[in-house]
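This is entry_10.txt (compact mmCIF, N, CA and C atoms).
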# COMPACT_ATOMS: atom_id res chain seq x y z
N MET A 21 125.45 81.27 219.85
CA MET A 21 126.09 79.98 219.69
C MET A 21 125.53 79.29 218.44
N GLN A 22 126.42 78.75 217.61
CA GLN A 22 126.00 78.06 216.40
C GLN A 22 125.50 76.67 216.73
N SER A 23 124.53 76.23 215.94
CA SER A 23 124.03 74.87 216.08
C SER A 23 124.58 74.03 214.94
N PHE A 24 125.13 72.88 215.26
CA PHE A 24 125.68 72.01 214.25
C PHE A 24 124.85 70.74 214.08
N GLY A 25 123.63 70.72 214.61
CA GLY A 25 122.83 69.51 214.60
C GLY A 25 121.72 69.48 213.58
N GLN A 26 121.75 70.38 212.60
CA GLN A 26 120.67 70.43 211.62
C GLN A 26 120.59 69.10 210.86
N GLU A 27 119.39 68.57 210.76
CA GLU A 27 119.18 67.32 210.04
C GLU A 27 119.05 67.59 208.55
N CYS A 28 119.90 66.96 207.76
CA CYS A 28 119.83 67.08 206.31
C CYS A 28 119.16 65.83 205.76
N ALA A 29 118.51 66.01 204.63
CA ALA A 29 117.91 64.86 203.95
C ALA A 29 119.02 63.86 203.63
N PRO A 30 118.68 62.58 203.52
CA PRO A 30 119.71 61.57 203.25
C PRO A 30 120.50 61.88 201.98
N GLU A 31 121.73 61.39 201.96
CA GLU A 31 122.61 61.60 200.80
C GLU A 31 121.95 61.13 199.51
N SER A 32 121.14 60.09 199.59
CA SER A 32 120.48 59.56 198.39
C SER A 32 119.55 60.58 197.74
N GLN A 33 119.14 61.60 198.50
CA GLN A 33 118.23 62.62 197.95
C GLN A 33 118.97 63.77 197.26
N VAL A 34 120.29 63.82 197.38
CA VAL A 34 121.05 64.91 196.77
C VAL A 34 120.87 64.90 195.26
N ARG A 35 121.03 63.75 194.63
CA ARG A 35 120.90 63.67 193.17
C ARG A 35 119.48 63.98 192.71
N GLN A 36 118.49 63.73 193.54
CA GLN A 36 117.10 64.02 193.16
C GLN A 36 116.90 65.50 192.86
N VAL A 37 117.73 66.36 193.45
CA VAL A 37 117.62 67.80 193.20
C VAL A 37 117.96 68.11 191.75
N THR A 38 119.07 67.56 191.24
CA THR A 38 119.41 67.83 189.85
C THR A 38 118.44 67.13 188.91
N ASP A 39 117.97 65.94 189.28
CA ASP A 39 116.96 65.27 188.46
C ASP A 39 115.71 66.13 188.33
N GLN A 40 115.28 66.76 189.43
CA GLN A 40 114.11 67.65 189.38
C GLN A 40 114.37 68.83 188.46
N LEU A 41 115.58 69.39 188.51
CA LEU A 41 115.92 70.51 187.63
C LEU A 41 115.82 70.10 186.17
N PHE A 42 116.39 68.95 185.80
CA PHE A 42 116.36 68.53 184.40
C PHE A 42 114.94 68.21 183.94
N ARG A 43 114.11 67.62 184.80
CA ARG A 43 112.70 67.39 184.45
C ARG A 43 111.98 68.72 184.24
N ALA A 44 112.26 69.70 185.08
CA ALA A 44 111.64 71.02 184.95
C ALA A 44 112.07 71.69 183.64
N MET A 45 113.34 71.54 183.27
CA MET A 45 113.82 72.11 182.01
C MET A 45 113.09 71.48 180.84
N GLU A 46 112.92 70.16 180.86
CA GLU A 46 112.25 69.46 179.76
C GLU A 46 110.78 69.83 179.66
N SER A 47 110.12 70.02 180.79
CA SER A 47 108.67 70.29 180.77
C SER A 47 108.33 71.77 180.74
N GLY A 48 109.33 72.64 180.88
CA GLY A 48 109.06 74.08 180.89
C GLY A 48 108.47 74.58 182.19
N ASP A 49 108.75 73.88 183.28
CA ASP A 49 108.17 74.21 184.59
C ASP A 49 109.13 75.09 185.39
N SER A 50 108.99 76.40 185.24
CA SER A 50 109.90 77.33 185.91
C SER A 50 109.72 77.32 187.43
N THR A 51 108.53 77.04 187.91
CA THR A 51 108.28 77.00 189.36
C THR A 51 109.06 75.85 190.00
N SER A 52 109.01 74.68 189.37
CA SER A 52 109.73 73.52 189.88
C SER A 52 111.24 73.74 189.79
N ALA A 53 111.68 74.40 188.72
CA ALA A 53 113.11 74.70 188.58
C ALA A 53 113.57 75.66 189.66
N ARG A 54 112.82 76.71 189.90
CA ARG A 54 113.21 77.70 190.91
C ARG A 54 113.31 77.05 192.29
N ALA A 55 112.46 76.06 192.57
CA ALA A 55 112.41 75.44 193.90
C ALA A 55 113.71 74.74 194.29
N VAL A 56 114.53 74.33 193.32
CA VAL A 56 115.75 73.60 193.66
C VAL A 56 116.94 74.53 193.91
N PHE A 57 116.77 75.82 193.67
CA PHE A 57 117.86 76.78 193.83
C PHE A 57 117.73 77.59 195.12
N HIS A 58 118.84 77.80 195.78
CA HIS A 58 118.92 78.74 196.89
C HIS A 58 118.75 80.14 196.29
N PRO A 59 118.12 81.08 196.99
CA PRO A 59 117.92 82.43 196.43
C PRO A 59 119.21 83.13 196.01
N ASN A 60 120.34 82.79 196.62
CA ASN A 60 121.61 83.44 196.29
C ASN A 60 122.50 82.58 195.38
N ALA A 61 121.91 81.62 194.70
CA ALA A 61 122.69 80.71 193.85
C ALA A 61 123.38 81.45 192.71
N ARG A 62 124.53 80.90 192.31
CA ARG A 62 125.29 81.46 191.19
C ARG A 62 125.32 80.45 190.06
N MET A 63 125.37 80.98 188.83
CA MET A 63 125.48 80.15 187.63
C MET A 63 126.64 80.67 186.80
N GLN A 64 127.53 79.75 186.39
CA GLN A 64 128.67 80.13 185.58
C GLN A 64 128.90 79.10 184.48
N THR A 65 129.55 79.55 183.41
CA THR A 65 129.92 78.69 182.30
C THR A 65 131.37 78.97 181.93
N SER A 66 132.11 77.92 181.65
CA SER A 66 133.48 78.04 181.17
C SER A 66 133.56 77.37 179.81
N TYR A 67 134.15 78.07 178.86
CA TYR A 67 134.31 77.50 177.53
C TYR A 67 135.54 78.11 176.87
N ILE A 68 135.98 77.50 175.77
CA ILE A 68 137.11 78.03 175.02
C ILE A 68 136.55 78.84 173.86
N GLN A 69 136.90 80.11 173.83
CA GLN A 69 136.42 81.02 172.79
C GLN A 69 137.07 80.63 171.46
N ARG A 70 136.25 80.38 170.46
CA ARG A 70 136.77 79.91 169.17
C ARG A 70 137.71 80.91 168.52
N SER A 71 137.38 82.19 168.57
CA SER A 71 138.17 83.20 167.87
C SER A 71 139.56 83.41 168.47
N THR A 72 139.70 83.20 169.78
CA THR A 72 140.99 83.47 170.44
C THR A 72 141.66 82.21 170.99
N GLY A 73 140.90 81.15 171.19
CA GLY A 73 141.43 79.94 171.80
C GLY A 73 141.64 80.06 173.30
N LYS A 74 141.15 81.16 173.88
CA LYS A 74 141.33 81.40 175.31
C LYS A 74 140.12 80.88 176.10
N THR A 75 140.40 80.45 177.33
CA THR A 75 139.34 80.01 178.22
C THR A 75 138.60 81.22 178.78
N VAL A 76 137.28 81.15 178.74
CA VAL A 76 136.42 82.25 179.17
C VAL A 76 135.53 81.75 180.31
N LEU A 77 135.28 82.60 181.28
CA LEU A 77 134.34 82.31 182.36
C LEU A 77 133.28 83.40 182.35
N ILE A 78 132.01 82.99 182.23
CA ILE A 78 130.93 83.98 182.25
C ILE A 78 129.97 83.64 183.37
N GLU A 79 129.39 84.67 183.94
CA GLU A 79 128.39 84.52 185.01
C GLU A 79 127.02 84.69 184.38
N GLY A 80 126.12 83.76 184.65
CA GLY A 80 124.76 83.85 184.15
C GLY A 80 123.83 84.36 185.23
N SER A 81 122.63 84.69 184.82
CA SER A 81 121.61 85.17 185.75
C SER A 81 120.64 84.03 186.06
N LEU A 82 120.49 83.72 187.34
CA LEU A 82 119.54 82.69 187.73
C LEU A 82 118.13 83.09 187.30
N ASP A 83 117.76 84.34 187.51
CA ASP A 83 116.41 84.79 187.14
C ASP A 83 116.17 84.64 185.64
N GLU A 84 117.16 84.98 184.82
CA GLU A 84 117.01 84.84 183.37
C GLU A 84 116.91 83.37 182.96
N PHE A 85 117.68 82.51 183.61
CA PHE A 85 117.63 81.08 183.33
C PHE A 85 116.25 80.52 183.66
N ILE A 86 115.73 80.85 184.83
CA ILE A 86 114.41 80.38 185.24
C ILE A 86 113.34 80.91 184.29
N ALA A 87 113.43 82.18 183.92
CA ALA A 87 112.46 82.76 182.98
C ALA A 87 112.52 82.04 181.64
N ALA A 88 113.72 81.73 181.15
CA ALA A 88 113.86 81.04 179.87
C ALA A 88 113.21 79.66 179.90
N ILE A 89 113.30 78.98 181.03
CA ILE A 89 112.65 77.67 181.16
C ILE A 89 111.15 77.80 180.95
N GLY A 90 110.54 78.81 181.57
CA GLY A 90 109.09 78.99 181.48
C GLY A 90 108.62 79.60 180.18
N GLU A 91 109.50 80.29 179.46
CA GLU A 91 109.09 81.02 178.25
C GLU A 91 109.45 80.33 176.95
N ARG A 92 110.03 79.17 177.00
CA ARG A 92 110.57 78.57 175.79
C ARG A 92 109.52 78.06 174.81
N LYS A 93 108.30 78.02 175.22
CA LYS A 93 107.13 77.67 174.39
C LYS A 93 107.35 76.41 173.55
N GLU A 94 107.74 76.56 172.30
CA GLU A 94 107.78 75.44 171.36
C GLU A 94 109.06 74.60 171.46
N ASP A 95 110.12 75.18 171.99
CA ASP A 95 111.40 74.47 172.02
C ASP A 95 111.40 73.36 173.07
N LEU A 96 112.01 72.24 172.71
CA LEU A 96 112.17 71.12 173.63
C LEU A 96 113.62 71.07 174.08
N TRP A 97 113.83 71.20 175.39
CA TRP A 97 115.18 71.11 175.96
C TRP A 97 115.35 69.72 176.56
N GLU A 98 116.44 69.07 176.22
CA GLU A 98 116.74 67.77 176.82
C GLU A 98 118.21 67.74 177.23
N GLU A 99 118.47 67.51 178.48
CA GLU A 99 119.83 67.39 178.99
C GLU A 99 120.04 65.95 179.42
N ARG A 100 120.84 65.22 178.65
CA ARG A 100 121.15 63.83 178.96
C ARG A 100 122.41 63.81 179.83
N THR A 101 122.37 63.04 180.90
CA THR A 101 123.48 63.03 181.84
C THR A 101 123.97 61.61 182.11
N ALA A 102 125.22 61.51 182.54
CA ALA A 102 125.81 60.20 182.86
C ALA A 102 127.03 60.42 183.75
N ASN A 103 127.51 59.32 184.30
CA ASN A 103 128.76 59.31 185.07
C ASN A 103 128.73 60.26 186.26
N TYR A 104 127.69 60.11 187.06
CA TYR A 104 127.52 60.95 188.26
C TYR A 104 128.58 60.62 189.31
N SER A 105 129.06 61.66 189.97
CA SER A 105 129.91 61.52 191.15
C SER A 105 129.32 62.44 192.22
N VAL A 106 128.91 61.86 193.36
CA VAL A 106 128.26 62.63 194.43
C VAL A 106 129.11 62.52 195.69
N HIS A 107 129.40 63.67 196.29
CA HIS A 107 130.15 63.73 197.54
C HIS A 107 129.39 64.60 198.52
N VAL A 108 129.29 64.15 199.77
CA VAL A 108 128.56 64.88 200.80
C VAL A 108 129.41 64.98 202.06
N ASP A 109 129.42 66.16 202.65
CA ASP A 109 130.04 66.36 203.96
C ASP A 109 129.11 67.26 204.76
N GLY A 110 128.34 66.66 205.65
CA GLY A 110 127.41 67.44 206.46
C GLY A 110 126.38 68.15 205.61
N GLN A 111 126.39 69.48 205.68
CA GLN A 111 125.39 70.27 204.97
C GLN A 111 125.83 70.69 203.57
N LEU A 112 126.99 70.20 203.08
CA LEU A 112 127.50 70.57 201.77
C LEU A 112 127.62 69.34 200.88
N ALA A 113 127.19 69.46 199.63
CA ALA A 113 127.28 68.35 198.68
C ALA A 113 127.80 68.86 197.35
N HIS A 114 128.42 67.96 196.60
CA HIS A 114 128.93 68.27 195.27
C HIS A 114 128.52 67.15 194.32
N ILE A 115 128.01 67.53 193.15
CA ILE A 115 127.64 66.56 192.12
C ILE A 115 128.37 66.95 190.83
N TRP A 116 129.02 65.98 190.22
CA TRP A 116 129.74 66.18 188.95
C TRP A 116 129.16 65.17 187.97
N MET A 117 128.90 65.58 186.74
CA MET A 117 128.34 64.67 185.75
C MET A 117 128.70 65.12 184.34
N ASP A 118 128.78 64.17 183.42
CA ASP A 118 128.86 64.48 182.00
C ASP A 118 127.46 64.81 181.51
N TYR A 119 127.37 65.65 180.48
CA TYR A 119 126.06 65.93 179.91
C TYR A 119 126.16 66.19 178.42
N ALA A 120 125.04 66.01 177.74
CA ALA A 120 124.87 66.41 176.35
C ALA A 120 123.52 67.11 176.27
N PHE A 121 123.49 68.28 175.65
CA PHE A 121 122.27 69.08 175.57
C PHE A 121 121.72 69.01 174.15
N TYR A 122 120.43 68.74 174.07
CA TYR A 122 119.73 68.64 172.79
C TYR A 122 118.62 69.68 172.75
N LEU A 123 118.53 70.40 171.64
CA LEU A 123 117.47 71.38 171.43
C LEU A 123 116.60 70.87 170.30
N ASN A 124 115.33 70.61 170.62
CA ASN A 124 114.38 70.07 169.65
C ASN A 124 114.89 68.78 169.01
N GLY A 125 115.54 67.95 169.82
CA GLY A 125 116.02 66.65 169.36
C GLY A 125 117.35 66.68 168.63
N THR A 126 117.92 67.87 168.43
CA THR A 126 119.19 68.00 167.72
C THR A 126 120.30 68.34 168.71
N PHE A 127 121.42 67.60 168.60
CA PHE A 127 122.54 67.86 169.49
C PHE A 127 122.99 69.31 169.39
N SER A 128 123.21 69.94 170.55
CA SER A 128 123.67 71.32 170.60
C SER A 128 125.11 71.40 171.13
N HIS A 129 125.35 70.84 172.33
CA HIS A 129 126.67 70.90 172.94
C HIS A 129 126.76 69.90 174.08
N CYS A 130 127.97 69.74 174.60
CA CYS A 130 128.18 68.81 175.71
C CYS A 130 129.20 69.41 176.67
N GLY A 131 129.47 68.68 177.74
CA GLY A 131 130.47 69.12 178.71
C GLY A 131 130.26 68.40 180.02
N VAL A 132 130.63 69.09 181.10
CA VAL A 132 130.36 68.58 182.44
C VAL A 132 129.60 69.64 183.21
N ASN A 133 128.76 69.17 184.12
CA ASN A 133 128.08 70.03 185.08
C ASN A 133 128.72 69.79 186.44
N SER A 134 128.92 70.86 187.19
CA SER A 134 129.41 70.77 188.56
C SER A 134 128.46 71.57 189.44
N PHE A 135 127.74 70.86 190.30
CA PHE A 135 126.76 71.49 191.19
C PHE A 135 127.27 71.45 192.63
N HIS A 136 127.13 72.55 193.34
CA HIS A 136 127.30 72.58 194.80
C HIS A 136 125.92 72.78 195.40
N LEU A 137 125.61 71.99 196.41
CA LEU A 137 124.33 72.08 197.09
C LEU A 137 124.56 72.29 198.58
N MET A 138 123.61 72.95 199.21
CA MET A 138 123.67 73.18 200.65
C MET A 138 122.34 72.72 201.25
N CYS A 139 122.44 72.09 202.39
CA CYS A 139 121.24 71.67 203.09
C CYS A 139 120.80 72.79 204.03
N THR A 140 119.61 73.31 203.79
CA THR A 140 119.03 74.33 204.66
C THR A 140 117.66 73.85 205.11
N GLU A 141 117.46 73.87 206.40
CA GLU A 141 116.18 73.43 206.98
C GLU A 141 115.77 72.05 206.48
N GLY A 142 116.76 71.15 206.36
CA GLY A 142 116.50 69.77 205.97
C GLY A 142 116.29 69.54 204.49
N THR A 143 116.51 70.56 203.65
CA THR A 143 116.29 70.44 202.22
C THR A 143 117.56 70.82 201.45
N TRP A 144 117.92 70.01 200.47
CA TRP A 144 119.07 70.32 199.62
C TRP A 144 118.66 71.34 198.57
N GLN A 145 119.50 72.37 198.39
CA GLN A 145 119.28 73.38 197.35
C GLN A 145 120.60 73.65 196.64
N ILE A 146 120.50 73.95 195.35
CA ILE A 146 121.68 74.28 194.56
C ILE A 146 122.14 75.68 194.95
N ILE A 147 123.42 75.81 195.29
CA ILE A 147 123.97 77.13 195.61
C ILE A 147 124.92 77.62 194.53
N ASP A 148 125.41 76.69 193.71
CA ASP A 148 126.35 77.08 192.66
C ASP A 148 126.33 76.02 191.58
N VAL A 149 126.31 76.45 190.33
CA VAL A 149 126.46 75.52 189.21
C VAL A 149 127.42 76.14 188.21
N ILE A 150 128.35 75.33 187.76
CA ILE A 150 129.25 75.74 186.68
C ILE A 150 129.30 74.59 185.70
N ASP A 151 129.32 74.93 184.42
CA ASP A 151 129.40 73.90 183.40
C ASP A 151 130.45 74.28 182.37
N THR A 152 130.92 73.27 181.65
CA THR A 152 131.76 73.51 180.49
C THR A 152 130.89 73.27 179.26
N ARG A 153 131.28 73.88 178.15
CA ARG A 153 130.51 73.71 176.91
C ARG A 153 131.46 73.55 175.74
N ARG A 154 131.15 72.54 174.93
CA ARG A 154 131.88 72.32 173.69
C ARG A 154 130.98 71.55 172.74
N SER A 155 131.34 71.52 171.48
CA SER A 155 130.52 70.80 170.50
C SER A 155 131.26 69.62 169.88
N THR A 156 132.49 69.38 170.32
CA THR A 156 133.27 68.24 169.82
C THR A 156 133.81 67.44 171.00
N ASN A 157 134.32 66.26 170.69
CA ASN A 157 134.89 65.37 171.71
C ASN A 157 133.88 65.08 172.82
N CYS A 158 132.66 64.77 172.42
CA CYS A 158 131.58 64.50 173.37
C CYS A 158 131.36 62.99 173.49
N ILE A 159 130.98 62.56 174.68
CA ILE A 159 130.62 61.16 174.84
C ILE A 159 129.20 60.98 174.31
N ASP A 160 128.89 59.77 173.87
CA ASP A 160 127.58 59.48 173.29
C ASP A 160 126.56 59.26 174.41
N LEU A 161 125.63 60.20 174.54
CA LEU A 161 124.58 60.09 175.56
C LEU A 161 123.22 60.04 174.91
Same coordinates, now as structure tokens:
Amino acid sequence: MQSFGQECAPESQVRQVTDQLFRAMESGDSTSARAVFHPNARMQTSYIQRSTGKTVLIEGSLDEFIAAIGERKEDLWEERTANYSVHVDGQLAHIWMDYAFYLNGTFSHCGVNSFHLMCTEGTWQIIDVIDTRRSTNCIDL
């Protein structure tokens, strides 16, 4: 018999998960970054390929992403975010936000992040993230 009574952390704590991820990216803390992801999490990116003008969807590796956070040494990663939209239904949450990514203080690209989170054992974890990427038509963050 399934149990439907699992206690999830309050909705106000959902956004703290992505905030922890962005702090970990900025500080190069791969351990803190890994802690916010479910072991089976997926990472994807959608962008328009310049050479063909076609929309592309690529799957990234969570392990490679986490390793890159810890190995970046001299590079400073900064992801500025705004316009959060958070929706929660029981053990499932969705966060949508605009972002601009800066590498060593220089603008790199922008888009939107879309995170799905699941509450397991009272803790929110990212189960899926997909983002768009472009270098034009960006909001000022």
- Query: Which protein, DNA or RNA residues have an atom at most 6 Å from (116.8, 68.8, 182.1), counting only N, CA and C atoms? List them as a PyMOL selection string.
  - Reply: chain A and resi 41-46+97-99
- Within 6.5 Å of Ala113 of chain A using all atoms listed in the file, minus same-chain residues under 2 positions, as a ChimeraX atom specification: /A:107-111,115,135-139
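Running DSSP on the backbone and keeping only helix (DSSP H, G or I), the residues of segment 76-128 of chain A that qualify are Leu82, Asp83, Glu84, Phe85, Ile86, Ala87, Ala88, Ile89, Gly90 and Glu91 of chain A.
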- Item | Between atom N of Gly142 of chain A and atom C of Gln36 of chain A, distance in Å (one decimal) |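 If I compute the distance from atom N of Gly142 of chain A to atom C of Gln36 of chain A, I get 14.6 Å.
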- Message: Around the point (129.9, 81.7, 178.1) (coordinates from the file), which residues reach within 7 Å if we count all atoms listed in the file? Answer as number ranges by chain.
- Response: A: 64-67, 76-79
- Query: So how many Å separate atom CA of Pro30 of chain A and atom CA of Thr143 of chain A, to one decimal?
  - Reply: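 It comes out at 9.6 Å.
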- Item | Straight-line distance linking atom CA of Gln33 of chain A with atom CA of Glu84 of chain A, stated in Å to one decimal |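 Distance between the two atoms: 26.6 Å.
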- Query: Can you tell me, as number ranges by chain, what residues are no more than 12 Å from Asp160 of chain A when counting only C-alpha atoms, ignoring any on the same chain fewer than 6 positions away?
  - Reply: A: 100-103, 118-121, 127, 129-131
- Which is closest to Ser134 of chain A among A:Arg62, A:Lys93, A:Arg54, A:Arg70, if we use only C-alpha atoms?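 Nearest candidate to Ser134 of chain A out of A:Arg62, A:Lys93, A:Arg54, A:Arg70: A:Arg62.
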- Task: Run DSSP on the backbone and give me the residues of segment 26-104 of chain A it puts in strand (DSSP E or B), as a list in words.
- Result: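 Filtering segment 26-104 of chain A down to strand (DSSP E or B) leaves Phe57, His58, Pro59, Asn60, Ala61, Arg62, Met63, Gln64, Thr65, Ser66, Tyr67, Ile68, Thr75, Val76, Leu77, Ile78, Glu79, Gly80, Trp97, Glu98, Glu99, Arg100, Thr101, Ala102, Asn103 and Tyr104 of chain A.
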Centre, x/y/z edge lengths, axis-aligned box for segment 134-150 of chain A with 6 Å per side, as JSON:
{"center_x": 122.6, "center_y": 73.6, "center_z": 196.3, "size_x": 25.6, "size_y": 20.1, "size_z": 33.3}
